[in-house]
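Colleague: Sharing entry.pdb, PDB, C-alpha atoms and all ligand atoms:
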```pdb
ATOM      1  CA  MET A   1      -1.898 -24.645  -8.230
ATOM      2  CA  ILE A   2      -3.923 -21.489  -8.906
ATOM      3  CA  ASN A   3      -5.568 -21.672  -5.488
ATOM      4  CA  ARG A   4      -2.382 -21.321  -3.470
ATOM      5  CA  VAL A   5      -0.729 -17.981  -2.841
ATOM      6  CA  THR A   6       2.425 -17.145  -0.899
ATOM      7  CA  ILE A   7       2.873 -13.760   0.731
ATOM      8  CA  ILE A   8       6.408 -12.891   1.839
ATOM      9  CA  GLY A   9       6.493 -10.466   4.760
ATOM     10  CA  ALA A  10       3.837 -10.260   7.472
ATOM     11  CA  GLY A  11       3.983  -6.547   8.216
ATOM     12  CA  ASN A  12       1.607  -3.599   7.957
ATOM     13  CA  LEU A  13       0.532  -3.965   4.342
ATOM     14  CA  THR A  14       0.079  -7.736   4.588
ATOM     15  CA  ASN A  15      -2.150  -7.215   7.625
ATOM     16  CA  SER A  16      -4.310  -4.783   5.647
ATOM     17  CA  LEU A  17      -4.465  -7.138   2.673
ATOM     18  CA  LEU A  18      -5.359 -10.134   4.840
ATOM     19  CA  THR A  19      -8.095  -8.124   6.571
ATOM     20  CA  ALA A  20      -9.736  -7.607   3.178
ATOM     21  CA  ILE A  21      -9.138 -11.206   2.082
ATOM     22  CA  HIS A  22     -10.521 -12.609   5.338
ATOM     23  CA  ARG A  23     -13.730 -10.603   5.040
ATOM     24  CA  ASN A  24     -14.316 -11.931   1.556
ATOM     25  CA  ARG A  25     -14.248 -15.630   2.514
ATOM     26  CA  PHE A  26     -11.664 -16.751   0.028
ATOM     27  CA  SER A  27     -11.262 -20.134  -1.553
ATOM     28  CA  TYR A  28      -7.492 -19.539  -1.816
ATOM     29  CA  LYS A  29      -4.971 -21.140   0.512
ATOM     30  CA  ILE A  30      -2.673 -18.424   1.791
ATOM     31  CA  ASP A  31       0.841 -19.136   3.051
ATOM     32  CA  VAL A  32       2.745 -16.308   4.692
ATOM     33  CA  VAL A  33       6.517 -16.412   5.142
ATOM     34  CA  ASP A  34       8.154 -14.016   7.582
ATOM     35  CA  THR A  35      11.563 -14.561   9.128
ATOM     36  CA  ASN A  36      10.328 -12.735  12.231
ATOM     37  CA  LYS A  37       8.634 -15.529  14.236
ATOM     38  CA  GLU A  38       6.842 -12.997  16.409
ATOM     39  CA  LYS A  39       4.615 -12.132  13.443
ATOM     40  CA  ARG A  40       2.880 -15.529  13.700
ATOM     41  CA  SER A  41       0.523 -14.417  16.474
ATOM     42  CA  ASN A  42      -0.636 -11.323  14.505
ATOM     43  CA  LEU A  43      -1.890 -13.586  11.728
ATOM     44  CA  LYS A  44      -3.836 -16.110  13.799
ATOM     45  CA  LYS A  45      -7.149 -14.336  13.170
ATOM     46  CA  PHE A  46      -6.728 -14.626   9.386
ATOM     47  CA  ASN A  47      -6.653 -18.409   9.165
ATOM     48  CA  VAL A  48      -3.496 -18.534   7.042
ATOM     49  CA  ASN A  49      -0.456 -20.811   7.230
ATOM     50  CA  PHE A  50       2.568 -19.108   8.763
ATOM     51  CA  PHE A  51       6.179 -20.103   8.010
ATOM     52  CA  SER A  52       9.286 -18.536   9.507
ATOM     53  CA  SER A  53      11.508 -20.049   6.812
ATOM     54  CA  TYR A  54      11.278 -20.847   3.119
ATOM     55  CA  THR A  55      10.042 -24.362   2.353
ATOM     56  CA  ASP A  56       9.067 -26.474  -0.674
ATOM     57  CA  ILE A  57       5.411 -25.605  -0.045
ATOM     58  CA  MET A  58       6.061 -22.430  -1.961
ATOM     59  CA  THR A  59       6.466 -24.453  -5.145
ATOM     60  CA  GLU A  60       2.695 -25.085  -5.010
ATOM     61  CA  SER A  61       1.832 -21.383  -5.226
ATOM     62  CA  LYS A  62       0.882 -19.592  -8.407
ATOM     63  CA  LEU A  63       1.356 -16.091  -6.995
ATOM     64  CA  ILE A  64       4.379 -15.086  -4.926
ATOM     65  CA  ILE A  65       3.612 -11.725  -3.370
ATOM     66  CA  LEU A  66       6.550  -9.682  -2.105
ATOM     67  CA  MET A  67       5.589  -7.586   0.917
ATOM     68  CA  VAL A  68       8.987  -6.943   2.484
ATOM     69  CA  LYS A  69      10.785  -3.633   2.823
ATOM     70  CA  PRO A  70      12.818  -2.697  -0.269
ATOM     71  CA  ASN A  71      16.119  -3.059   1.612
ATOM     72  CA  ASN A  72      15.300  -6.729   2.281
ATOM     73  CA  TYR A  73      14.411  -7.669  -1.263
ATOM     74  CA  ILE A  74      17.832  -8.892  -2.401
ATOM     75  CA  GLU A  75      18.067 -11.433   0.427
ATOM     76  CA  VAL A  76      14.465 -12.503  -0.230
ATOM     77  CA  ILE A  77      15.092 -13.068  -3.944
ATOM     78  CA  LYS A  78      18.159 -15.159  -3.059
ATOM     79  CA  GLU A  79      16.036 -17.316  -0.743
ATOM     80  CA  ILE A  80      13.095 -17.820  -3.106
ATOM     81  CA  ASN A  81      15.065 -18.217  -6.353
ATOM     82  CA  PRO A  82      15.528 -22.005  -6.018
ATOM     83  CA  LEU A  83      11.828 -22.463  -5.223
ATOM     84  CA  LEU A  84      10.454 -20.530  -8.185
ATOM     85  CA  SER A  85       9.362 -21.881 -11.548
ATOM     86  CA  GLU A  86       8.283 -20.289 -14.813
ATOM     87  CA  LYS A  87       4.654 -21.180 -14.086
ATOM     88  CA  MET A  88       4.630 -18.735 -11.177
ATOM     89  CA  ILE A  89       4.073 -14.999 -11.098
ATOM     90  CA  VAL A  90       6.078 -12.730  -8.805
ATOM     91  CA  VAL A  91       3.954  -9.806  -7.620
ATOM     92  CA  SER A  92       5.845  -7.034  -5.873
ATOM     93  CA  PHE A  93       4.266  -4.347  -3.706
ATOM     94  CA  MET A  94       7.661  -2.942  -2.750
ATOM     95  CA  ALA A  95       8.048   0.788  -3.237
ATOM     96  CA  GLY A  96      10.810   1.946  -5.523
ATOM     97  CA  ILE A  97      12.035  -1.407  -6.856
ATOM     98  CA  GLY A  98      11.524  -1.711 -10.598
ATOM     99  CA  CYS A  99      10.333  -4.864 -12.392
ATOM    100  CA  CYS A 100      13.707  -5.142 -14.170
ATOM    101  CA  SER A 101      15.679  -5.059 -10.901
ATOM    102  CA  ILE A 102      13.682  -8.044  -9.664
ATOM    103  CA  LYS A 103      13.693  -9.887 -13.003
ATOM    104  CA  ASN A 104      17.473  -9.503 -13.331
ATOM    105  CA  LYS A 105      17.984 -11.255 -10.014
ATOM    106  CA  LEU A 106      15.830 -14.262 -10.905
ATOM    107  CA  SER A 107      17.575 -17.186 -12.526
ATOM    108  CA  GLN A 108      14.538 -18.128 -14.649
ATOM    109  CA  ASN A 109      12.259 -16.153 -16.931
ATOM    110  CA  ILE A 110       9.477 -15.549 -14.435
ATOM    111  CA  PRO A 111       6.859 -12.862 -14.995
ATOM    112  CA  VAL A 112       7.134  -9.983 -12.546
ATOM    113  CA  VAL A 113       4.222  -7.656 -11.848
ATOM    114  CA  ARG A 114       4.769  -4.458  -9.925
ATOM    115  CA  CYS A 115       1.822  -3.326  -7.820
ATOM    116  CA  MET A 116       1.013  -0.439  -5.546
ATOM    117  CA  THR A 117      -1.756   0.227  -3.072
ATOM    118  CA  ASN A 118      -1.946   1.571   0.473
ATOM    119  CA  ILE A 119      -3.016   0.396   3.920
ATOM    120  CA  THR A 120      -6.649   1.354   3.257
ATOM    121  CA  ILE A 121      -6.796  -1.804   1.115
ATOM    122  CA  SER A 122      -8.256  -3.403   4.252
ATOM    123  CA  ASP A 123     -11.606  -1.705   3.670
ATOM    124  CA  SER A 124     -12.200  -3.333   0.246
ATOM    125  CA  GLU A 125     -12.704  -0.092  -1.666
ATOM    126  CA  SER A 126      -9.137   0.778  -2.530
ATOM    127  CA  HIS A 127      -7.266   0.455  -5.771
ATOM    128  CA  ILE A 128      -4.415  -1.845  -6.647
ATOM    129  CA  PHE A 129      -2.374  -0.396  -9.515
ATOM    130  CA  TYR A 130      -0.314  -2.838 -11.522
ATOM    131  CA  HIS A 131       2.279  -2.846 -14.256
ATOM    132  CA  MET A 132       3.923  -5.647 -16.190
ATOM    133  CA  LYS A 133       6.071  -5.737 -19.298
ATOM    134  CA  PRO A 134       5.203  -7.348 -21.622
ATOM    135  CA  PHE A 135       1.524  -7.134 -20.781
ATOM    136  CA  SER A 136      -0.182 -10.514 -20.567
ATOM    137  CA  LYS A 137      -3.972 -10.836 -20.661
ATOM    138  CA  ASN A 138      -3.683 -14.226 -18.994
ATOM    139  CA  ILE A 139      -1.677 -12.851 -16.045
ATOM    140  CA  ALA A 140      -4.008  -9.854 -15.756
ATOM    141  CA  GLY A 141      -6.895 -12.325 -15.525
ATOM    142  CA  ILE A 142      -5.180 -14.227 -12.717
ATOM    143  CA  LEU A 143      -4.548 -10.977 -10.815
ATOM    144  CA  ILE A 144      -8.131  -9.827 -11.282
ATOM    145  CA  LYS A 145      -9.431 -13.176 -10.030
ATOM    146  CA  PHE A 146      -7.403 -12.911  -6.850
ATOM    147  CA  PHE A 147      -7.168  -9.193  -6.020
ATOM    148  CA  GLY A 148     -10.368  -8.151  -7.802
ATOM    149  CA  THR A 149     -12.624  -9.691  -5.163
ATOM    150  CA  PHE A 150     -11.542  -7.137  -2.576
ATOM    151  CA  SER A 151     -10.081  -4.199  -4.538
ATOM    152  CA  LYS A 152     -10.326  -2.256  -7.774
ATOM    153  CA  LEU A 153      -7.501  -3.111 -10.164
ATOM    154  CA  LYS A 154      -6.045  -0.470 -12.458
ATOM    155  CA  LYS A 155      -3.520  -1.220 -15.149
ATOM    156  CA  CYS A 156      -0.552   1.166 -15.561
ATOM    157  CA  ILE A 157       0.962   0.959 -19.031
ATOM    158  CA  ASN A 158       4.094   2.882 -17.994
ATOM    159  CA  GLU A 159       6.091   1.761 -14.971
ATOM    160  CA  GLY A 160       6.751   5.444 -14.219
ATOM    161  CA  ASP A 161       3.083   5.760 -13.277
ATOM    162  CA  ILE A 162       3.642   3.219 -10.496
ATOM    163  CA  ASP A 163       6.368   5.528  -9.114
ATOM    164  CA  LYS A 164       3.904   8.439  -9.165
ATOM    165  CA  ILE A 165       1.193   6.289  -7.573
ATOM    166  CA  THR A 166       3.677   5.219  -4.891
ATOM    167  CA  ALA A 167       4.251   8.854  -3.901
ATOM    168  CA  LEU A 168       0.589   9.839  -4.119
ATOM    169  CA  TYR A 169      -1.451   6.771  -3.244
ATOM    170  CA  GLY A 170       0.939   4.449  -1.416
ATOM    171  CA  SER A 171       2.096   7.210   0.941
ATOM    172  CA  GLY A 172      -1.231   9.075   0.670
ATOM    173  CA  PRO A 173      -2.876   7.971   3.932
ATOM    174  CA  ALA A 174       0.100   9.366   5.863
ATOM    175  CA  TYR A 175      -0.484  12.842   4.389
ATOM    176  CA  TYR A 176      -4.103  12.861   5.571
ATOM    177  CA  VAL A 177      -3.170  11.528   9.006
ATOM    178  CA  TYR A 178      -0.426  14.159   9.238
ATOM    179  CA  PHE A 179      -2.972  16.886   8.546
ATOM    180  CA  ASN A 180      -5.324  15.283  11.071
ATOM    181  CA  LYS A 181      -2.550  15.435  13.650
ATOM    182  CA  ILE A 182      -1.907  19.132  12.916
ATOM    183  CA  ILE A 183      -5.579  19.934  13.537
ATOM    184  CA  LYS A 184      -5.574  17.814  16.705
ATOM    185  CA  ASP A 185      -2.574  19.743  18.008
ATOM    186  CA  VAL A 186      -4.385  23.018  17.277
ATOM    187  CA  PHE A 187      -7.367  21.833  19.354
ATOM    188  CA  ILE A 188      -4.947  21.101  22.201
ATOM    189  CA  ASN A 189      -3.157  24.431  21.673
ATOM    190  CA  MET A 190      -6.535  26.195  22.036
ATOM    191  CA  GLY A 191      -7.176  24.552  25.389
ATOM    192  CA  PHE A 192      -9.097  21.352  24.618
ATOM    193  CA  SER A 193      -8.119  18.141  26.371
ATOM    194  CA  LYS A 194      -6.109  15.564  24.433
ATOM    195  CA  LYS A 195      -9.049  13.146  24.665
ATOM    196  CA  ASP A 196     -11.568  15.644  23.274
ATOM    197  CA  ALA A 197      -9.094  16.852  20.646
ATOM    198  CA  THR A 198      -8.721  13.279  19.396
ATOM    199  CA  ILE A 199     -12.480  12.648  19.292
ATOM    200  CA  PHE A 200     -13.234  15.945  17.542
ATOM    201  CA  THR A 201     -10.474  15.683  14.916
ATOM    202  CA  ASN A 202     -11.299  12.069  14.145
ATOM    203  CA  ASP A 203     -14.988  12.979  13.743
ATOM    204  CA  LEU A 204     -13.941  15.777  11.421
ATOM    205  CA  MET A 205     -11.806  13.468   9.297
ATOM    206  CA  HIS A 206     -14.395  10.706   9.161
ATOM    207  CA  GLY A 207     -17.346  13.000   8.405
ATOM    208  CA  THR A 208     -15.399  14.964   5.809
ATOM    209  CA  SER A 209     -14.193  11.865   4.011
ATOM    210  CA  LYS A 210     -17.826  10.742   3.683
ATOM    211  CA  ILE A 211     -18.773  14.114   2.175
ATOM    212  CA  ILE A 212     -15.826  13.944  -0.225
ATOM    213  CA  LYS A 213     -16.918  10.479  -1.315
ATOM    214  CA  ASN A 214     -20.430  11.654  -2.177
ATOM    215  CA  ASN A 215     -19.465  14.982  -3.786
ATOM    216  CA  LYS A 216     -16.860  14.817  -6.480
ATOM    217  CA  ASN A 217     -16.212  18.575  -6.744
ATOM    218  CA  SER A 218     -13.884  19.939  -4.041
ATOM    219  CA  ASP A 219     -14.759  23.581  -4.839
ATOM    220  CA  ASP A 220     -18.471  22.852  -4.298
ATOM    221  CA  ILE A 221     -17.750  21.393  -0.857
ATOM    222  CA  ILE A 222     -15.496  24.292   0.095
ATOM    223  CA  SER A 223     -17.999  26.906  -1.078
ATOM    224  CA  ALA A 224     -20.700  25.170   0.997
ATOM    225  CA  ILE A 225     -18.550  25.814   4.081
ATOM    226  CA  ALA A 226     -16.715  29.053   3.332
ATOM    227  CA  SER A 227     -18.706  32.235   2.855
ATOM    228  CA  LYS A 228     -17.133  35.473   1.630
ATOM    229  CA  GLY A 229     -15.558  37.390   4.491
ATOM    230  CA  GLY A 230     -16.254  34.534   6.910
ATOM    231  CA  THR A 231     -14.128  32.511   9.321
ATOM    232  CA  THR A 232     -13.305  29.618   6.966
ATOM    233  CA  GLN A 233     -12.353  32.042   4.209
ATOM    234  CA  ALA A 234      -9.924  33.789   6.588
ATOM    235  CA  ALA A 235      -8.140  30.507   7.301
ATOM    236  CA  LEU A 236      -8.088  29.382   3.650
ATOM    237  CA  THR A 237      -6.661  32.735   2.522
ATOM    238  CA  GLU A 238      -3.880  32.406   5.107
ATOM    239  CA  LEU A 239      -3.086  28.873   3.818
ATOM    240  CA  LYS A 240      -3.006  30.125   0.218
ATOM    241  CA  ASN A 241      -0.852  33.154   1.086
ATOM    242  CA  ASN A 242       1.625  30.805   2.745
ATOM    243  CA  LYS A 243       1.692  28.644  -0.395
ATOM    244  CA  VAL A 244       0.706  25.460   1.405
ATOM    245  CA  ASP A 245      -0.309  23.944  -1.952
ATOM    246  CA  SER A 246       3.168  24.381  -3.450
ATOM    247  CA  MET A 247       4.748  23.030  -0.252
ATOM    248  CA  ILE A 248       2.634  19.885  -0.557
ATOM    249  CA  LEU A 249       3.496  19.553  -4.255
ATOM    250  CA  LYS A 250       7.188  19.871  -3.370
ATOM    251  CA  ALA A 251       6.875  17.252  -0.627
ATOM    252  CA  ILE A 252       5.121  14.709  -2.869
ATOM    253  CA  LYS A 253       7.700  15.296  -5.603
ATOM    254  CA  LYS A 254      10.380  14.342  -3.055
ATOM    255  CA  ALA A 255       8.514  11.083  -2.450
ATOM    256  CA  TYR A 256       8.231  10.575  -6.227
ATOM    257  CA  LYS A 257      11.982  11.088  -6.681
ATOM    258  CA  LYS A 258      12.619   8.524  -3.955
ATOM    259  CA  SER A 259      10.165   6.058  -5.458
ATOM    260  CA  LYS A 260      12.086   6.045  -8.756
ATOM    261  CA  ASN A 261      14.993   4.397  -7.023
ATOM    262  CA  ILE A 262      14.518   3.878  -3.341
ATOM    263  CA  LEU A 263      17.869   2.253  -2.652
ATOM    264  CA  GLU A 264      19.886   5.105  -4.183
ATOM    265  CA  LYS A 265      21.583   7.158  -1.447
TER     266      LYS A 265
HETATM  267  N1  LIG B 301       3.006   0.197   4.809
HETATM  268  C1  LIG B 301       2.440   0.842   3.803
HETATM  269  O1  LIG B 301       1.570   1.727   3.990
HETATM  270  C2  LIG B 301       2.821   0.506   2.383
HETATM  271  C3  LIG B 301       2.107   1.096   1.317
HETATM  272  C4  LIG B 301       2.470   0.775   0.016
HETATM  273  C5  LIG B 301       3.521  -0.095  -0.233
HETATM  274  N2  LIG B 301       4.200  -0.620   0.821
HETATM  275  C6  LIG B 301       5.321  -1.542   0.530
HETATM  276  O2  LIG B 301       5.005  -2.786   1.100
HETATM  277  C7  LIG B 301       6.186  -3.412   1.581
HETATM  278  C8  LIG B 301       5.949  -3.856   3.012
HETATM  279  O3  LIG B 301       5.710  -2.728   3.819
HETATM  280  P1  LIG B 301       5.247  -2.901   5.331
HETATM  281  O4  LIG B 301       4.997  -1.546   5.864
HETATM  282  O5  LIG B 301       4.172  -3.934   5.406
HETATM  283  O6  LIG B 301       6.614  -3.485   5.955
HETATM  284  P2  LIG B 301       6.854  -4.167   7.377
HETATM  285  O7  LIG B 301       5.729  -3.828   8.287
HETATM  286  O8  LIG B 301       8.236  -3.821   7.793
HETATM  287  O9  LIG B 301       6.773  -5.737   7.054
HETATM  288  C9  LIG B 301       7.776  -6.450   6.409
HETATM  289  C10 LIG B 301       7.948  -7.771   7.115
HETATM  290  O10 LIG B 301       8.890  -8.543   6.388
HETATM  291  C11 LIG B 301       9.748  -9.193   7.336
HETATM  292  N3  LIG B 301      10.991  -9.608   6.707
HETATM  293  C12 LIG B 301      12.205  -8.977   6.686
HETATM  294  N4  LIG B 301      13.095  -9.708   6.004
HETATM  295  C13 LIG B 301      12.451 -10.821   5.571
HETATM  296  C14 LIG B 301      12.844 -11.959   4.809
HETATM  297  N5  LIG B 301      14.096 -12.102   4.342
HETATM  298  N6  LIG B 301      11.920 -12.903   4.534
HETATM  299  C15 LIG B 301      10.654 -12.787   4.999
HETATM  300  N7  LIG B 301      10.230 -11.739   5.739
HETATM  301  C16 LIG B 301      11.120 -10.765   6.014
HETATM  302  C17 LIG B 301       9.918  -8.145   8.399
HETATM  303  O11 LIG B 301      10.421  -8.689   9.591
HETATM  304  P3  LIG B 301      11.161  -7.697  10.649
HETATM  305  O12 LIG B 301      10.063  -7.066  11.410
HETATM  306  O13 LIG B 301      12.008  -8.620  11.461
HETATM  307  O14 LIG B 301      11.961  -6.743   9.837
HETATM  308  C18 LIG B 301       8.480  -7.656   8.548
HETATM  309  O15 LIG B 301       7.721  -8.473   9.403
HETATM  310  C19 LIG B 301       7.313  -2.381   1.453
HETATM  311  O16 LIG B 301       8.159  -2.733   0.394
HETATM  312  C20 LIG B 301       6.625  -1.090   1.173
HETATM  313  O17 LIG B 301       7.347  -0.286   0.271
HETATM  314  C21 LIG B 301       3.870  -0.360   2.123
END
```
As C-alpha cells - that is how I would like this structure written.
Modeller:
Amino acid sequence: MINRVTIIGAGNLTNSLLTAIHRNRFSYKIDVVDTNKEKRSNLKKFNVNFFSSYTDIMTESKLIILMVKPNNYIEVIKEINPLLSEKMIVVSFMAGIGCCSIKNKLSQNIPVVRCMTNITISDSESHIFYHMKPFSKNIAGILIKFFGTFSKLKKCINEGDIDKITALYGSGPAYYVYFNKIIKDVFINMGFSKKDATIFTNDLMHGTSKIIKNNKNSDDIISAIASKGGTTQAALTELKNNKVDSMILKAIKKAYKKSKNILEK
C-alpha cells in the first residue's frame, strides 16, 4: 500500500512535483486524477497513471495529495470521501485551507497534513513545509520517505506558519518574476529590442540567483556592486526614498491575510 500515491489535480504544481519525481526514478506508483481530460497529454512524459474520474484504485494509495484550487476542494472531498480509509493520509498543498476545514468534511478520522511549497519544487532543491496536529512521527517518516527524495522537508509546529510560508514561499517565485518583468520593461523603455531585453534580464536573474546562493549576506553582495556616489547607489537610494521595502511588506501581508482564509470574501 505504501508504494501507491494518488495526486488529485494535474495542474501547475503537480507538473512541477512530477518533474522532480520523474528525475529521481521513483519506486512509487503514481495515480493522478483530474476531471479535465485534456490534462492527460501533459502527463505522458511522467509515466504516471491518469484518471479523469474517481475509481476504487484510490483505495490502494497510502497518500492522497490534494493539488486542486481551493475553490474546488469541497467537491473533491465529497468525491473522495467514500474511497478513503483511516490507513490513508490526506496531504493538502492547497493555499488557505486549514487542516480542520478538511478534517471536518471527512466522514472518518483520517490524518490530514497541510503542506506548502512552490513551483521551483521541480528543481529538487526546494523546501516542502508541513504541519499536522497532532504530530505523528510515523506520518512524518512516511512523508520524508516520499517527498524527502526530491525536496527538503521542514516541520511547522504552528499552522499559522504555513499561512506565512504560503504568502512568502508559495507565492514567492511570482514576486521575483514580477521584478524581472519590471527590469525587462525598463530595457525596452531604454530602446533595447524585446528579444535582447528578455535575454539580458533573464541572464541577470539567473546569474544573480547563483551569486545569492553562494553568498549568504545580501549586504556583502550589494556592497560589492554599489560604490559610494556611484550609479547603483543612485538607483538604490531612489528605491529606498520611495519606500519600496515597505510596499513589498504591505503586499506580502495582503497575501498572508488571504492565506489565513482564502475562501472568505
Ligand atoms: N501554482 C503554484 O505556484 C502553487 C504554489 C503553492 C501552492 N499551490 C496550491 O496548489 C494547488 C494547485 O495549484 P495549481 O496552480 O497547480 O492549480 P491548477 O493549475 O489550476 O490545477 C488544478 C487542476 O485540478 C483540476 N480540477 C478541478 N476540479 C477538480 C476535481 N473536482 N477533481 C480533480 N481535478 C480537478 C483542474 O482542472 P480545470 O483546469 O478544469 O480547472 C486543474 O487541472 C492550489 O490549491 C494552490 O493553492 C500552487
Colleague: Convert the output of the PyMOL selection byres (((chain A and resi 262) around 9) and not hetatm) on the shown file into explicit residues, formatted as a ChimeraX atom specification.
Modeller: /A:70-71,95-97,257-261,263-265
Colleague: Neighbouring residues of ligand LIG 301 (chain B) are defined here as those with any atom at most 7 Å from a ligand atom, counting all atoms listed in the file; list them as number ranges by chain.
Modeller: A: 8-14, 33-36, 39, 67-70, 72, 75-76, 93-95, 116-119, 166, 170-171
Colleague: So what do you get for atom CA of A:Val48 versus atom CA of A:Ile30, distance-wise?
Modeller: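 That distance, rounded to one decimal, is 5.3 Å.
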Colleague: When distances are computed from all atoms listed in the file, which of A:Thr59, A:Asn104, A:Leu17, A:Lys184 shows the smallest separation from A:Asp196?
Modeller: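 Looking at the shortest contact to A:Asp196, the residue is A:Lys184.
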Colleague: Please evaluate the PyMOL selection byres (((chain A and resi 123-128) around 8) and not hetatm) against the structure above and give the resulting residues as an mmCIF file with C-alpha atoms, in the frame of the given file.
Modeller:
```cif
data_model
loop_
_atom_site.group_PDB
_atom_site.id
_atom_site.type_symbol
_atom_site.label_atom_id
_atom_site.label_comp_id
_atom_site.auth_asym_id
_atom_site.auth_seq_id
_atom_site.Cartn_x
_atom_site.Cartn_y
_atom_site.Cartn_z
ATOM 1 C CA THR A 19 -8.095 -8.124 6.571
ATOM 2 C CA ALA A 20 -9.736 -7.607 3.178
ATOM 3 C CA CYS A 115 1.822 -3.326 -7.820
ATOM 4 C CA MET A 116 1.013 -0.439 -5.546
ATOM 5 C CA THR A 117 -1.756 0.227 -3.072
ATOM 6 C CA ASN A 118 -1.946 1.571 0.473
ATOM 7 C CA THR A 120 -6.649 1.354 3.257
ATOM 8 C CA ILE A 121 -6.796 -1.804 1.115
ATOM 9 C CA SER A 122 -8.256 -3.403 4.252
ATOM 10 C CA PHE A 129 -2.374 -0.396 -9.515
ATOM 11 C CA TYR A 130 -0.314 -2.838 -11.522
ATOM 12 C CA PHE A 147 -7.168 -9.193 -6.020
ATOM 13 C CA PHE A 150 -11.542 -7.137 -2.576
ATOM 14 C CA SER A 151 -10.081 -4.199 -4.538
ATOM 15 C CA LYS A 152 -10.326 -2.256 -7.774
ATOM 16 C CA LEU A 153 -7.501 -3.111 -10.164
ATOM 17 C CA LYS A 154 -6.045 -0.470 -12.458
#
```
Colleague: Go through the shown structure with the PyMOL selection byres (((chain A and resi 61) around 8) and not hetatm) and write out the matching residues as a list of chain:residue names.
Modeller: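 Taken over the shown coordinates, the PyMOL selection byres (((chain A and resi 61) around 8) and not hetatm) returns A:Met1, A:Ile2, A:Asn3, A:Arg4, A:Val5, A:Thr6, A:Ile57, A:Met58, A:Thr59, A:Glu60, A:Lys62, A:Leu63, A:Ile64, A:Met88.
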Colleague: Grab the atom CA of A:Lys145 to atom CA of A:Glu159 distance for me, in Å with one decimal place.
Modeller: 22.1 Å
Colleague: When you draw a straight line from atom CA of A:Leu43 to atom CA of A:Asn15, how long is it in Å?
Modeller: 7.6 Å
Colleague: Using all atoms listed in the file, find all polymer residues with an atom at most 12 Å away from the point (-4.6, 16.1, 9.3); report them as a list of chain:residue names.
Modeller: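 The residues that fall inside the cut-off are A:Gly172, A:Pro173, A:Ala174, A:Tyr175, A:Tyr176, A:Val177, A:Tyr178, A:Phe179, A:Asn180, A:Lys181, A:Ile182, A:Ile183, A:Lys184, A:Asp185, A:Val186, A:Phe187, A:Thr198, A:Phe200, A:Thr201, A:Asn202, A:Asp203, A:Leu204, A:Met205, A:His206, A:Thr208, A:Ser209.
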Colleague: Would you export the selected residues with C-alpha atoms as a PDB file, keeping the file's coordinate frame, please?
Modeller:
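Result file follows (result37.pdb):
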```pdb
ATOM      1  CA  GLY A 172      -1.231   9.075   0.670  1.00  0.00           C
ATOM      2  CA  PRO A 173      -2.876   7.971   3.932  1.00  0.00           C
ATOM      3  CA  ALA A 174       0.100   9.366   5.863  1.00  0.00           C
ATOM      4  CA  TYR A 175      -0.484  12.842   4.389  1.00  0.00           C
ATOM      5  CA  TYR A 176      -4.103  12.861   5.571  1.00  0.00           C
ATOM      6  CA  VAL A 177      -3.170  11.528   9.006  1.00  0.00           C
ATOM      7  CA  TYR A 178      -0.426  14.159   9.238  1.00  0.00           C
ATOM      8  CA  PHE A 179      -2.972  16.886   8.546  1.00  0.00           C
ATOM      9  CA  ASN A 180      -5.324  15.283  11.071  1.00  0.00           C
ATOM     10  CA  LYS A 181      -2.550  15.435  13.650  1.00  0.00           C
ATOM     11  CA  ILE A 182      -1.907  19.132  12.916  1.00  0.00           C
ATOM     12  CA  ILE A 183      -5.579  19.934  13.537  1.00  0.00           C
ATOM     13  CA  LYS A 184      -5.574  17.814  16.705  1.00  0.00           C
ATOM     14  CA  ASP A 185      -2.574  19.743  18.008  1.00  0.00           C
ATOM     15  CA  VAL A 186      -4.385  23.018  17.277  1.00  0.00           C
ATOM     16  CA  PHE A 187      -7.367  21.833  19.354  1.00  0.00           C
ATOM     17  CA  THR A 198      -8.721  13.279  19.396  1.00  0.00           C
ATOM     18  CA  PHE A 200     -13.234  15.945  17.542  1.00  0.00           C
ATOM     19  CA  THR A 201     -10.474  15.683  14.916  1.00  0.00           C
ATOM     20  CA  ASN A 202     -11.299  12.069  14.145  1.00  0.00           C
ATOM     21  CA  ASP A 203     -14.988  12.979  13.743  1.00  0.00           C
ATOM     22  CA  LEU A 204     -13.941  15.777  11.421  1.00  0.00           C
ATOM     23  CA  MET A 205     -11.806  13.468   9.297  1.00  0.00           C
ATOM     24  CA  HIS A 206     -14.395  10.706   9.161  1.00  0.00           C
ATOM     25  CA  THR A 208     -15.399  14.964   5.809  1.00  0.00           C
ATOM     26  CA  SER A 209     -14.193  11.865   4.011  1.00  0.00           C
TER      27      SER A 209
END
```
Colleague: I need the residue nearest A:Lys254 from this list: A:Gly160, A:Leu168, A:Asp56, A:Leu18. Use all atoms listed in the file for the distance.
Modeller: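 Checking each of A:Gly160, A:Leu168, A:Asp56, A:Leu18 against A:Lys254, counting all atoms listed in the file, the winner is A:Leu168.
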Colleague: Determine, counting all atoms listed in the file, which protein, DNA and RNA residues have an atom within 8 Å of an atom of A:His22; residues of the same chain fewer than 4 positions away are not included. Present the result as a list in words.
Modeller: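 Final neighbour list, sorted by chain and number: Leu18, Phe26, Phe46 and Asn47 of chain A.
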Colleague: Residues at most 9 Å from A:Lys133, counting only C-alpha atoms, excluding those fewer than 4 positions away in the same chain, as a PyMOL selection string?
Modeller: chain A and resi 99+111-113+157-159
Colleague: Once 3 Å is added on each side, what centre and edge lengths in Å to one decimal does the axis-aligned box around all listed atoms of stretch 255-262 of chain A have, as AutoDock Vina command-line options?
Modeller:
```
--center_x 11.6 --center_y 7.5 --center_z -5.6 --size_x 12.8 --size_y 13.2 --size_z 12.3
```
